[in-house]
Each structure stands twice: as C-alpha cells, then as structure tokens.
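So this one's structure_18.cif, mmCIF, C-alpha atoms:
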```
data_protein
loop_
_atom_site.label_atom_id
_atom_site.label_comp_id
_atom_site.auth_asym_id
_atom_site.auth_seq_id
_atom_site.Cartn_x
_atom_site.Cartn_y
_atom_site.Cartn_z
CA MET A 512 24.33 -3.70 -5.59
CA LYS A 513 26.22 -6.18 -3.38
CA ASN A 514 26.38 -5.75 0.38
CA LYS A 515 27.81 -7.33 3.53
CA ILE A 516 24.72 -6.94 5.70
CA LYS A 517 24.16 -10.66 6.20
CA VAL A 518 27.76 -11.16 7.35
CA LEU A 519 27.70 -8.08 9.60
CA ARG A 520 24.39 -9.17 11.05
CA ALA A 521 25.86 -12.58 11.90
CA GLU A 522 28.95 -10.97 13.42
CA HIS A 523 26.78 -8.77 15.63
CA ASP A 524 24.44 -11.68 16.42
CA LEU A 525 21.37 -9.89 15.10
CA THR A 526 18.29 -11.42 13.46
CA GLN A 527 16.71 -9.73 10.44
CA GLU A 528 13.84 -8.71 12.72
CA GLN A 529 16.22 -7.09 15.24
CA LEU A 530 18.19 -5.24 12.57
CA ALA A 531 14.93 -4.07 10.99
CA GLY A 532 13.81 -2.70 14.36
CA LYS A 533 17.11 -0.86 14.87
CA VAL A 534 16.97 0.92 11.50
CA ASP A 535 13.16 1.35 11.52
CA VAL A 536 12.16 -0.75 8.49
CA SER A 537 10.29 -4.03 8.01
CA ARG A 538 11.99 -7.44 8.13
CA GLN A 539 10.96 -7.88 4.48
CA THR A 540 13.07 -4.82 3.54
CA ILE A 541 16.19 -6.14 5.31
CA ASN A 542 15.70 -9.51 3.60
CA ALA A 543 15.28 -7.89 0.17
CA ILE A 544 18.43 -5.76 0.68
CA GLU A 545 20.45 -8.78 1.81
CA LYS A 546 19.39 -10.73 -1.26
CA GLY A 547 20.24 -7.80 -3.53
CA LYS A 548 16.63 -7.46 -4.69
CA PHE A 549 16.25 -3.94 -3.34
CA ASP A 550 18.73 -1.08 -3.07
CA PRO A 551 18.24 1.02 0.08
CA SER A 552 17.88 4.79 0.01
CA LEU A 553 20.84 6.91 1.10
CA PRO A 554 19.31 7.71 4.54
CA LEU A 555 18.74 3.98 5.19
CA ALA A 556 22.26 3.10 4.00
CA PHE A 557 23.60 5.74 6.42
CA LYS A 558 21.54 4.28 9.28
CA ILE A 559 22.91 0.79 8.57
CA SER A 560 26.50 1.99 8.27
CA LYS A 561 26.21 4.00 11.49
CA LEU A 562 24.79 0.98 13.31
CA PHE A 563 27.75 -1.19 12.26
CA ASN A 564 30.20 1.70 12.71
CA MET A 565 31.46 1.43 9.14
CA SER A 566 31.39 3.60 6.04
CA ILE A 567 28.71 3.06 3.38
CA GLU A 568 31.39 1.99 0.87
CA GLU A 569 32.60 -0.73 3.21
CA ILE A 570 29.10 -2.24 3.40
CA PHE A 571 27.72 -1.59 -0.10
CA GLN A 572 29.61 -2.23 -3.32
CA ASN A 573 28.43 -1.47 -6.83
CA GLU A 574 28.39 -4.63 -8.96
CA MET B 585 9.61 7.85 21.77
CA LYS B 586 8.98 6.80 18.18
CA GLU B 587 6.54 3.92 17.65
CA PRO B 588 8.12 0.71 16.21
CA ARG B 589 7.49 0.26 12.47
CA VAL B 590 5.62 -3.06 12.82
CA GLU B 591 3.25 -1.67 15.45
CA LEU B 592 2.68 1.53 13.47
CA THR B 593 1.93 -0.39 10.25
CA LYS B 594 -0.46 -2.71 12.10
CA LYS B 595 -2.27 0.24 13.69
CA ASN B 596 -2.51 2.15 10.39
CA THR B 597 -3.72 -0.97 8.51
CA LEU B 598 -6.46 -1.56 11.09
CA ASN B 599 -7.43 2.12 10.89
CA LEU B 600 -7.61 1.87 7.08
CA ALA B 601 -9.66 -1.34 7.31
CA PHE B 602 -12.09 0.40 9.68
CA TRP B 603 -12.60 3.40 7.36
CA THR B 604 -12.84 1.19 4.26
CA GLY B 605 -15.43 -1.03 5.98
CA ALA B 606 -17.40 2.04 7.10
CA TRP B 607 -17.31 3.44 3.56
CA VAL B 608 -18.44 0.14 1.97
CA ILE B 609 -21.33 -0.16 4.46
CA ASN B 610 -22.25 3.46 3.75
CA VAL B 611 -22.21 2.87 -0.02
CA ALA B 612 -24.56 -0.10 0.48
CA ILE B 613 -26.88 1.95 2.70
CA SER B 614 -26.98 4.91 0.30
CA THR B 615 -27.53 2.62 -2.71
CA PHE B 616 -30.08 0.16 -1.36
CA GLY B 617 -31.62 2.33 1.36
CA SER B 618 -33.16 4.76 -1.09
CA LEU B 619 -34.53 1.83 -3.13
CA LEU B 620 -35.75 -0.45 -0.35
CA LEU B 621 -35.98 1.40 2.99
CA TRP B 622 -36.98 5.04 2.46
CA GLU B 623 -38.16 5.17 -1.14
CA GLY B 624 -39.05 8.73 -2.20
CA ASN B 625 -37.46 10.50 0.80
CA THR B 626 -35.06 12.75 -1.14
CA LEU B 627 -33.81 14.62 1.95
CA LEU B 628 -32.72 11.40 3.65
CA THR B 629 -31.12 10.14 0.42
CA VAL B 630 -29.09 13.37 0.04
CA PHE B 631 -28.06 13.21 3.72
CA VAL B 632 -26.86 9.60 3.38
CA ILE B 633 -24.96 10.41 0.16
CA LEU B 634 -23.28 13.39 1.86
CA LEU B 635 -22.40 11.19 4.83
CA ASN B 636 -20.98 8.65 2.39
CA PHE B 637 -18.84 11.37 0.83
CA LEU B 638 -17.48 12.44 4.24
CA VAL B 639 -16.71 8.85 5.24
CA GLY B 640 -14.98 8.47 1.85
CA ILE B 641 -12.73 11.43 2.70
CA GLY B 642 -11.96 9.73 6.03
CA MET B 643 -10.97 6.60 4.08
CA ILE B 644 -8.66 8.62 1.79
CA LEU B 645 -6.98 10.26 4.81
CA ALA B 646 -6.58 6.83 6.46
CA ASN B 647 -4.97 5.56 3.23
CA ILE B 648 -2.53 8.49 3.18
CA ARG B 649 -1.63 7.83 6.82
CA HIS B 650 -1.16 4.14 5.99
CA LEU B 651 1.18 4.95 3.09
CA LYS B 652 3.18 7.44 5.17
CA GLY B 653 3.69 4.78 7.85
CA LEU B 654 5.21 2.25 5.44
CA ASP B 655 8.94 1.83 4.93
CA GLU B 656 10.65 2.52 1.58
CA LEU B 657 10.28 -0.99 0.11
CA GLN B 658 6.62 -1.24 1.11
CA ARG B 659 5.98 2.18 -0.43
CA LYS B 660 7.68 1.06 -3.64
CA ILE B 661 5.43 -2.01 -3.81
CA GLN B 662 2.36 0.18 -3.20
CA LEU B 663 3.47 2.74 -5.80
CA GLU B 664 4.01 0.09 -8.47
CA ALA B 665 0.64 -1.52 -7.67
CA MET B 666 -1.15 1.82 -7.83
CA GLY B 667 0.58 2.67 -11.12
CA ILE B 668 -0.50 -0.62 -12.68
CA ALA B 669 -4.06 -0.31 -11.33
CA LEU B 670 -4.44 3.31 -12.50
CA GLY B 671 -2.89 2.63 -15.91
CA LEU B 672 -5.05 -0.40 -16.53
CA ALA B 673 -8.14 1.47 -15.30
CA VAL B 674 -7.60 4.29 -17.81
CA VAL B 675 -6.70 2.05 -20.76
CA ALA B 676 -9.23 -0.73 -20.14
CA GLY B 677 -11.89 1.73 -18.93
CA LEU B 678 -11.77 3.81 -22.09
CA SER B 679 -11.70 0.72 -24.32
CA TYR B 680 -14.68 -0.68 -22.41
CA SER B 681 -16.54 2.62 -22.72
CA THR B 682 -15.84 2.73 -26.48
CA LEU B 683 -17.16 -0.81 -26.85
CA ASP B 684 -20.38 0.37 -25.19
CA GLN B 685 -20.67 3.59 -27.25
CA THR B 686 -20.16 1.71 -30.51
CA ASN B 687 -22.75 -0.90 -29.40
CA ILE B 688 -20.30 -3.75 -29.79
CA ILE B 689 -21.34 -4.96 -26.32
CA SER B 690 -25.06 -5.31 -25.68
CA TYR B 691 -25.02 -4.14 -22.03
CA ASN B 692 -24.06 -0.79 -20.48
CA ALA B 693 -20.48 -0.18 -19.35
CA GLU B 694 -21.01 0.52 -15.63
CA ILE B 695 -18.56 2.39 -13.36
CA ALA B 696 -18.88 -0.53 -10.90
CA HIS B 697 -17.16 -2.82 -13.45
CA LEU B 698 -14.22 -0.42 -13.52
CA VAL B 699 -14.04 -0.29 -9.71
CA ILE B 700 -13.94 -4.11 -9.60
CA LEU B 701 -11.17 -4.14 -12.22
CA ILE B 702 -9.12 -1.57 -10.25
CA GLY B 703 -9.58 -3.53 -7.00
CA VAL B 704 -8.62 -6.89 -8.50
CA THR B 705 -5.62 -5.42 -10.40
CA TYR B 706 -4.39 -3.57 -7.31
CA MET B 707 -4.62 -6.67 -5.09
CA ALA B 708 -2.89 -8.86 -7.70
CA ALA B 709 -0.12 -6.27 -8.13
CA ILE B 710 0.40 -6.08 -4.34
CA LEU B 711 0.67 -9.88 -4.10
CA ILE B 712 3.09 -10.05 -7.05
CA GLY B 713 5.14 -7.14 -5.65
CA ASN B 714 5.40 -8.77 -2.24
CA SER B 715 6.44 -12.11 -3.72
CA ARG B 716 9.09 -10.37 -5.90
CA TYR B 717 10.82 -8.87 -2.87
CA ARG B 718 10.44 -11.90 -0.59
#
```
Represent the structure of the file as structure tokens.
Amino acid sequence: MKNKIKVLRAEHDLTQEQLAGKVDVSRQTINAIEKGKFDPSLPLAFKISKLFNMSIEEIFQNE
Amino acid sequence: MKEPRVELTKKNTLNLAFWTGAWVINVAISTFGSLLLWEGNTLLTVFVILLNFLVGIGMILANIRHLKGLDELQRKIQLEAMGIALGLAVVAGLSYSTLDQTNIISYNAEIAHLVILIGVTYMAAILIGNSRYR
C-alpha cells in the first residue's frame, strides 16, 4: 500500500518521532509504514488521517 | 493522561527483565540448592519449587503486560517470533525425543535442550523481524 505520510510529515514539519508520539506508536512503526513495509490497522490509519485533517483514501492508496 | 508509548514500553521491558531475572535466579536456587545447600531437606525443596512456580506466574503476567504495551508492528514482530519458536520447538522437540527413544543418540534428550532451542530461535526471530521492518 502506498501512502503520503512522508510528504505530509514534511509539510507539517514533523519528525518520525513526533508523529509517532502524536498517534501513539513507535518511531519504527512510522518508518515501516512510510517505506511501505507495514500496512497500518484501520484505527491507526484513522488517527493519522485525523491528525492531517484528510480522509484515509487521500493518504493511503492501494497499489 | 495516557503514558507515552516509548516510556510505557521501557517501563514494561524493565518490569519483564526484573521478573525474568528473579525467575532465573529462583530456578538456579531450586535446582542447585537442594543438591548443594540443603541436601535432604524435602520441605525446603518443595517450598523453593513452589516459590519458583509463583515467580514464574509473575514473569508470565509481566510478559502479557509487556505485549499489551507494544504497538501493532511490535506485536506483529513478537507474534511471528513466538510462532516460529513454538513451531520449531514442537517439530524439533519431537524429532529429538524420537532420536532418544530409538537410541540413535547416545545421551538423554533433556527438556533444558528444548528451552535453549526455544530461547535462541525466539531471539533470532526477533532480531530478523526488527531488521525486516527497519
């Protein structure tokens, strides 16, 4: 699954550590999601989309 | 207020390390104590074994708390590692036991060998899992 987290993080001037803290996961998890190695659960995807004030579909796209 | 994930994981890991250390020390005491320190004192041996059992339950509860405190990726890594360790323990353990029963190996298949195998497999699987998602 592709996602725009890295871009959104840069736009909001957030480090992986800071984003991880805001959505209550480890930095490793944010890094793995950004690299497409791990697909987040629906609750985590909702947390991320809420944080960036976007819909899940706008952030995550099925490859 | 909810505790930050990093702090919670650190606290739970230290708690698990404490209980694991206590359990290992207790296993050593119950194993070697009855042989070297209080030989023949059955009451003391039973007491120490019971204490060991209770500390073991504490370790299991600490492990559950540790797992509950992890995030979804960390839990996935743990789950995969536990699956590999358990699967290998059953398959290799039964093969090893059969080798002993059929006298193909000259020594006895001890449970301690299986525990070592589980520990090494689990640690290797955790390291591989962490490197996969790095």
For chain B, work out the contacting residues on chain A at 7 Å, counting all atoms listed in the file, and write them as a list in words.
->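 Selected residues: Gly532, Asp535, Val536, Ser537, Gln539, Thr540, Ala543 and Lys548 of chain A.
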Run the PyMOL selection byres ((chain B and resi 651) around 12) on the file and write out the hits as JSON, numbers by chain.
-> {"B": [592, 593, 594, 596, 597, 599, 600, 644, 645, 646, 647, 648, 649, 650, 652, 653, 654, 655, 656, 657, 658, 659, 660, 661, 662, 663, 666]}
When the PyMOL selection byres ((chain B and resi 694) around 10) is applied to the file above, which residues end up in the set, as a PyMOL selection string?
-> chain B and resi 677+680-681+684+691-693+695-699
At what distance in Å, to one decimal, does CA of Arg520 in chain A lie from CA of Gly547 in chain A?
->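 Rounded to one decimal, the two atoms are 15.2 Å apart.
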Suppose you want the space between CA of Ile609 in chain B and CA of Asn625 in chain B; what is it in Å?
->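 CA of Ile609 in chain B sits 19.7 Å away from CA of Asn625 in chain B.
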Can you tell me how far CA of Leu701 in chain B sits from CA of Gly667 in chain B, in Å to one decimal?
-> 13.6 Å
